file work.txt (compact mmCIF, C-alpha atoms and all ligand atoms)
# COMPACT_ATOMS: atom_id res chain seq x y z
CA MET A 1235 153.10 162.57 137.77
CA SER A 1236 151.41 159.57 136.31
CA GLY A 1237 153.08 156.44 134.96
CA SER A 1238 151.94 153.16 133.56
CA ASN A 1239 151.16 152.01 137.11
CA ASP A 1240 148.62 154.81 137.56
CA PRO A 1241 145.35 153.06 138.57
CA GLN A 1242 143.28 155.60 136.53
CA ILE A 1243 145.12 154.75 133.32
CA SER A 1244 145.03 151.03 134.02
CA ARG A 1245 141.28 151.18 134.55
CA ARG A 1246 140.93 153.23 131.36
CA ASN A 1247 143.06 150.70 129.45
CA PHE A 1248 141.02 147.86 130.89
CA LEU A 1249 137.71 149.49 129.90
CA THR A 1250 139.06 150.24 126.42
CA GLY A 1251 140.08 146.59 126.12
CA VAL A 1252 136.61 145.43 127.22
CA ILE A 1253 134.91 147.77 124.73
CA VAL A 1254 137.17 146.59 121.90
CA ALA A 1255 136.51 142.92 122.83
CA VAL A 1256 132.73 143.45 122.98
CA GLY A 1257 132.84 145.34 119.68
CA ALA A 1258 134.85 142.55 118.08
CA PHE A 1259 132.41 139.95 119.40
CA ILE A 1260 129.39 141.85 118.06
CA GLY A 1261 131.13 142.45 114.74
CA THR A 1262 131.90 138.74 114.41
CA ALA A 1263 128.36 137.75 115.37
CA ILE A 1264 126.99 140.05 112.67
CA SER A 1265 129.51 139.21 109.98
CA ILE A 1266 129.32 135.39 110.13
CA PRO A 1267 125.69 135.17 108.93
CA ALA A 1268 126.40 137.91 106.37
CA LEU A 1269 129.41 135.95 105.14
CA GLY A 1270 127.23 132.83 104.87
CA THR A 1271 124.77 134.77 102.70
CA ILE A 1272 127.57 136.01 100.46
CA ILE A 1273 129.23 132.62 99.95
CA SER A 1274 126.06 130.44 99.91
CA PRO A 1275 125.91 130.54 96.09
CA VAL A 1276 129.36 128.94 96.22
CA ILE A 1277 128.32 126.37 98.84
CA GLU A 1278 125.06 125.30 97.17
CA PRO A 1279 126.70 123.74 94.11
CA MET A 1280 128.93 121.80 96.55
CA GLU A 1281 125.80 120.42 98.25
CA LYS A 1282 124.23 119.51 94.92
CA ALA A 1283 127.40 117.78 93.83
CA ALA A 1284 126.80 115.18 96.55
CA ALA A 1285 123.75 113.76 94.70
CA LYS A 1286 124.47 110.32 93.38
CA TRP A 1287 123.30 106.89 92.38
CA PHE A 1288 123.26 104.19 95.05
CA ALA A 1289 123.31 100.49 94.23
CA LEU A 1290 120.51 98.56 95.95
CA GLY A 1291 121.36 95.07 94.75
CA SER A 1292 120.29 92.67 92.05
CA VAL A 1293 116.84 93.21 90.54
CA LYS A 1294 116.24 89.51 91.18
CA SER A 1295 116.60 90.05 94.92
CA PHE A 1296 113.33 92.01 95.10
CA LYS A 1297 110.03 90.31 95.81
CA VAL A 1298 107.44 90.97 93.14
CA GLY A 1299 104.32 92.79 94.30
CA GLU A 1300 105.41 93.81 97.78
CA PRO A 1301 107.31 96.96 98.83
CA GLN A 1302 110.66 96.24 100.38
CA ALA A 1303 112.48 98.61 102.75
CA LYS A 1304 115.97 99.81 101.85
CA GLU A 1305 118.35 102.36 103.34
CA VAL A 1306 121.20 104.37 101.86
CA LYS A 1307 123.74 106.48 103.72
CA VAL A 1308 124.09 109.89 102.13
CA VAL A 1309 127.06 112.12 102.88
CA ARG A 1310 126.28 115.77 102.28
CA GLN A 1311 128.86 118.53 102.17
CA ILE A 1312 127.23 121.49 103.91
CA GLY A 1313 129.66 124.37 103.71
CA TRP A 1314 132.83 123.14 105.38
CA ARG A 1315 131.33 120.17 107.22
CA LYS A 1316 130.08 116.76 106.14
CA GLN A 1317 126.77 115.44 107.36
CA THR A 1318 125.74 111.79 107.03
CA THR A 1319 122.06 110.93 106.96
CA THR A 1320 120.21 107.70 106.35
CA GLU A 1321 117.53 107.87 103.66
CA LYS A 1322 114.88 105.19 104.03
CA MET A 1323 112.78 104.10 101.10
CA PHE A 1324 110.53 101.36 99.83
CA ILE A 1325 111.19 99.59 96.53
CA LEU A 1326 108.30 98.06 94.61
CA THR A 1327 108.16 96.06 91.42
CA ASP A 1328 104.99 94.53 90.00
CA ASP A 1329 106.75 92.58 87.25
CA GLY A 1330 110.44 92.22 88.21
CA LYS A 1331 111.40 94.63 85.39
CA ASN A 1332 109.99 98.02 86.32
CA PHE A 1333 110.72 99.47 89.72
CA ILE A 1334 109.63 102.41 91.81
CA ALA A 1335 111.41 103.79 94.88
CA MET A 1336 109.24 105.62 97.39
CA SER A 1337 110.35 107.81 100.27
CA ASP A 1338 109.21 106.65 103.70
CA VAL A 1339 108.48 110.26 104.68
CA CYS A 1340 104.79 111.02 105.02
CA THR A 1341 103.66 113.92 102.85
CA HIS A 1342 101.52 115.34 105.65
CA LEU A 1343 104.00 116.41 108.33
CA GLY A 1344 107.02 114.24 107.69
CA CYS A 1345 106.62 111.22 109.97
CA HIS A 1346 107.95 107.86 108.78
CA VAL A 1347 105.40 105.53 107.24
CA ARG A 1348 105.35 101.77 107.89
CA TRP A 1349 104.44 99.01 105.49
CA LEU A 1350 101.59 96.82 106.76
CA PRO A 1351 101.76 93.60 104.71
CA ASP A 1352 98.51 92.20 106.10
CA LYS A 1353 96.62 95.31 104.96
CA ASN A 1354 98.68 95.83 101.80
CA GLU A 1355 99.16 99.52 102.56
CA PHE A 1356 101.46 102.06 104.15
CA TRP A 1357 100.36 103.56 107.44
CA CYS A 1358 101.54 106.76 109.04
CA PRO A 1359 101.21 106.51 112.82
CA CYS A 1360 101.23 110.26 113.43
CA HIS A 1361 97.76 111.12 112.12
CA ASN A 1362 96.57 107.84 110.65
CA GLY A 1363 97.50 108.62 107.06
CA ILE A 1364 97.14 105.71 104.61
CA PHE A 1365 98.89 105.16 101.27
CA ASP A 1366 98.39 102.26 98.87
CA LYS A 1367 101.35 100.06 97.93
CA HIS A 1368 102.29 102.41 95.06
CA GLY A 1369 102.45 105.30 97.53
CA LYS A 1370 99.15 106.94 96.52
CA ASN A 1371 97.49 108.77 99.43
CA ILE A 1372 94.13 107.09 100.00
CA ALA A 1373 92.99 108.12 103.49
CA GLY A 1374 93.73 110.59 106.26
CA PRO A 1375 95.43 113.97 106.02
CA PRO A 1376 98.36 113.33 103.60
CA PRO A 1377 97.81 115.74 100.68
CA ARG A 1378 99.76 113.87 98.00
CA PRO A 1379 101.44 110.53 97.23
CA LEU A 1380 104.76 109.51 98.75
CA ASP A 1381 107.68 111.18 97.01
CA ARG A 1382 109.66 109.03 94.60
CA TYR A 1383 113.33 108.65 93.80
CA LYS A 1384 114.64 108.14 90.28
CA VAL A 1385 115.73 104.57 89.59
CA LYS A 1386 117.73 102.84 86.88
CA ILE A 1387 118.89 99.31 86.13
CA GLU A 1388 122.42 98.59 84.97
CA LYS A 1389 123.84 95.10 84.48
CA GLY A 1390 121.03 93.60 86.51
CA GLN A 1391 121.59 95.98 89.45
CA LEU A 1392 119.01 98.44 90.68
CA PHE A 1393 120.21 101.96 91.43
CA VAL A 1394 118.42 104.81 93.14
CA TYR A 1395 119.27 108.48 92.73
CA VAL A 1396 119.37 110.51 95.94
CA GLU A 1397 119.74 114.29 95.89
CA GLY A 1398 122.58 115.70 97.93
S1 LIG A 1401 102.46 113.07 109.42
FE1 LIG A 1401 101.62 111.35 108.42
S2 LIG A 1401 99.51 111.58 108.64
FE2 LIG A 1401 100.33 113.32 109.62

call {"tool": "encode", "arguments": {"input": "work.txt", "output": "structure tokens"}}
result
Amino acid sequence: MSGSNDPQISRRNFLTGVIVAVGAFIGTAISIPALGTIISPVIEPMEKAAAKWFALGSVKSFKVGEPQAKEVKVVRQIGWRKQTTTEKMFILTDDGKNFIAMSDVCTHLGCHVRWLPDKNEFWCPCHNGIFDKHGKNIAGPPPRPLDRYKVKIEKGQLFVYVEG
């Protein structure tokens, strides 16, 4: 006569439990990416909604004729979590009225460019890429100018638009 203390049944119950647990683990591992694919159209608009205008200060605070480094902290909603990144950029005005905002990310392989005031150009240390002060690629491997952000002026303040 066998009861619940029968070692054969206990082993069988244990193995069944292990198989169910492994099956559940595999099922979860498969379904999470699939779920992400299904709900990503819902998540993407949430990410885009994070795009916004950032105030960079008075237009009078910018030197004319020389790019000036600025940073903005961007909070992105990626699915259920928030991610904060720092976007670095260079602001240039040639007349104190019209402004451009250039990304500091090299268009070759994504290193960060540096402004060299004595040479009046941006330099990328990774592969010696050179950009002029308006961000135009002039030497080395970068295939295109530095990317630009949209800018606007309101009540004497300069704003930059950063995609979320
Ligand atoms: S990453 Fe800038 S030159 Fe290669």

call {"tool": "closest_residue", "arguments": {"input": "work.txt", "among": "A:Lys1322, A:Lys1370, A:Lys1389, A:Lys1294", "to": "His1346 of chain A", "atoms": "all atoms listed in the file"}}
result
A:Lys1322

call {"tool": "atom_distance", "arguments": {"input": "work.txt", "atom1": "atom FE1 of ligand LIG 1401 (chain A)", "atom2": "atom CA of Glu1300 of chain A"}}
result
20.9 Å

call {"tool": "residues_near_ligand", "arguments": {"input": "work.txt", "ligand": "ligand LIG 1401 (chain A)", "cutoff": "6 Å", "atoms": "all atoms listed in the file", "output": "short mmCIF file (atom, residue, chain, number, x, y, z; two decimals) with C-alpha atoms, in the frame of the given file"}}
result
data_model
loop_
_atom_site.label_atom_id
_atom_site.label_comp_id
_atom_site.auth_asym_id
_atom_site.auth_seq_id
_atom_site.Cartn_x
_atom_site.Cartn_y
_atom_site.Cartn_z
CA CYS A 1340 104.79 111.02 105.02
CA HIS A 1342 101.52 115.34 105.65
CA LEU A 1343 104.00 116.41 108.33
CA GLY A 1344 107.02 114.24 107.69
CA CYS A 1345 106.62 111.22 109.97
CA CYS A 1358 101.54 106.76 109.04
CA CYS A 1360 101.23 110.26 113.43
CA HIS A 1361 97.76 111.12 112.12
CA ASN A 1362 96.57 107.84 110.65
CA GLY A 1363 97.50 108.62 107.06
CA PRO A 1375 95.43 113.97 106.02
CA PRO A 1376 98.36 113.33 103.60
#

call {"tool": "atom_distance", "arguments": {"input": "work.txt", "atom1": "atom CA of Thr1318 of chain A", "atom2": "atom CA of Glu1305 of chain A"}}
result
12.5 Å

call {"tool": "residues_around", "arguments": {"input": "work.txt", "residues": "Asp1366 of chain A", "least_positions_apart": "6", "cutoff": "8 Å", "atoms": "only C-alpha atoms", "output": "list of chain:residue names"}}
result
A:Asn1354, A:Glu1355, A:Phe1356, A:Ile1372

call {"tool": "write_last_selection", "arguments": {"input": "work.txt", "atoms": "C-alpha atoms", "output": "PDB file, in the coordinates of the input"}}
result
ATOM      1  CA  ASN A1354      98.680  95.830 101.800  1.00  0.00           C
ATOM      2  CA  GLU A1355      99.160  99.520 102.560  1.00  0.00           C
ATOM      3  CA  PHE A1356     101.460 102.060 104.150  1.00  0.00           C
ATOM      4  CA  ILE A1372      94.130 107.090 100.000  1.00  0.00           C
TER       5      ILE A1372
END

call {"tool": "closest_residue", "arguments": {"input": "work.txt", "among": "A:Val1396, A:Val1385, A:Ala1258, A:Leu1249", "to": "Ile1334 of chain A", "atoms": "all atoms listed in the file"}}
result
A:Val1385

call {"tool": "closest_residue", "arguments": {"input": "work.txt", "among": "A:Pro1379, A:Gly1291, A:Gly1251, A:Gly1257", "to": "Phe1393 of chain A", "atoms": "all atoms listed in the file"}}
result
A:Gly1291

call {"tool": "atom_distance", "arguments": {"input": "work.txt", "atom1": "atom CA of Lys1367 of chain A", "atom2": "atom CA of Lys1386 of chain A"}}
result
20.0 Å

call {"tool": "closest_residue", "arguments": {"input": "work.txt", "among": "A:Ala1303, A:Pro1377, A:Glu1321, A:Asn1371", "to": "Pro1351 of chain A", "atoms": "only C-alpha atoms"}}
result
A:Ala1303

call {"tool": "closest_residue", "arguments": {"input": "work.txt", "among": "A:Phe1333, A:Trp1357, A:Phe1324, A:Trp1349", "to": "Asp1381 of chain A", "atoms": "only C-alpha atoms"}}
result
A:Phe1324

call {"tool": "closest_residue", "arguments": {"input": "work.txt", "among": "A:Thr1319, A:Val1254, A:Gln1302, A:Val1293", "to": "Gly1398 of chain A", "atoms": "all atoms listed in the file"}}
result
A:Thr1319

call {"tool": "residues_near_point", "arguments": {"input": "work.txt", "point": "(122.3, 111.4, 94.0)", "cutoff": "6 Å", "atoms": "all atoms listed in the file", "output": "PyMOL selection string"}}
result
chain A and resi 1285-1287+1395-1398

call {"tool": "residues_near_point", "arguments": {"input": "work.txt", "point": "(124.9, 114.0, 107.3)", "cutoff": "12 Å", "atoms": "all atoms listed in the file", "output": "number ranges by chain"}}
result
A: 1281, 1284, 1306-1313, 1315-1321, 1398
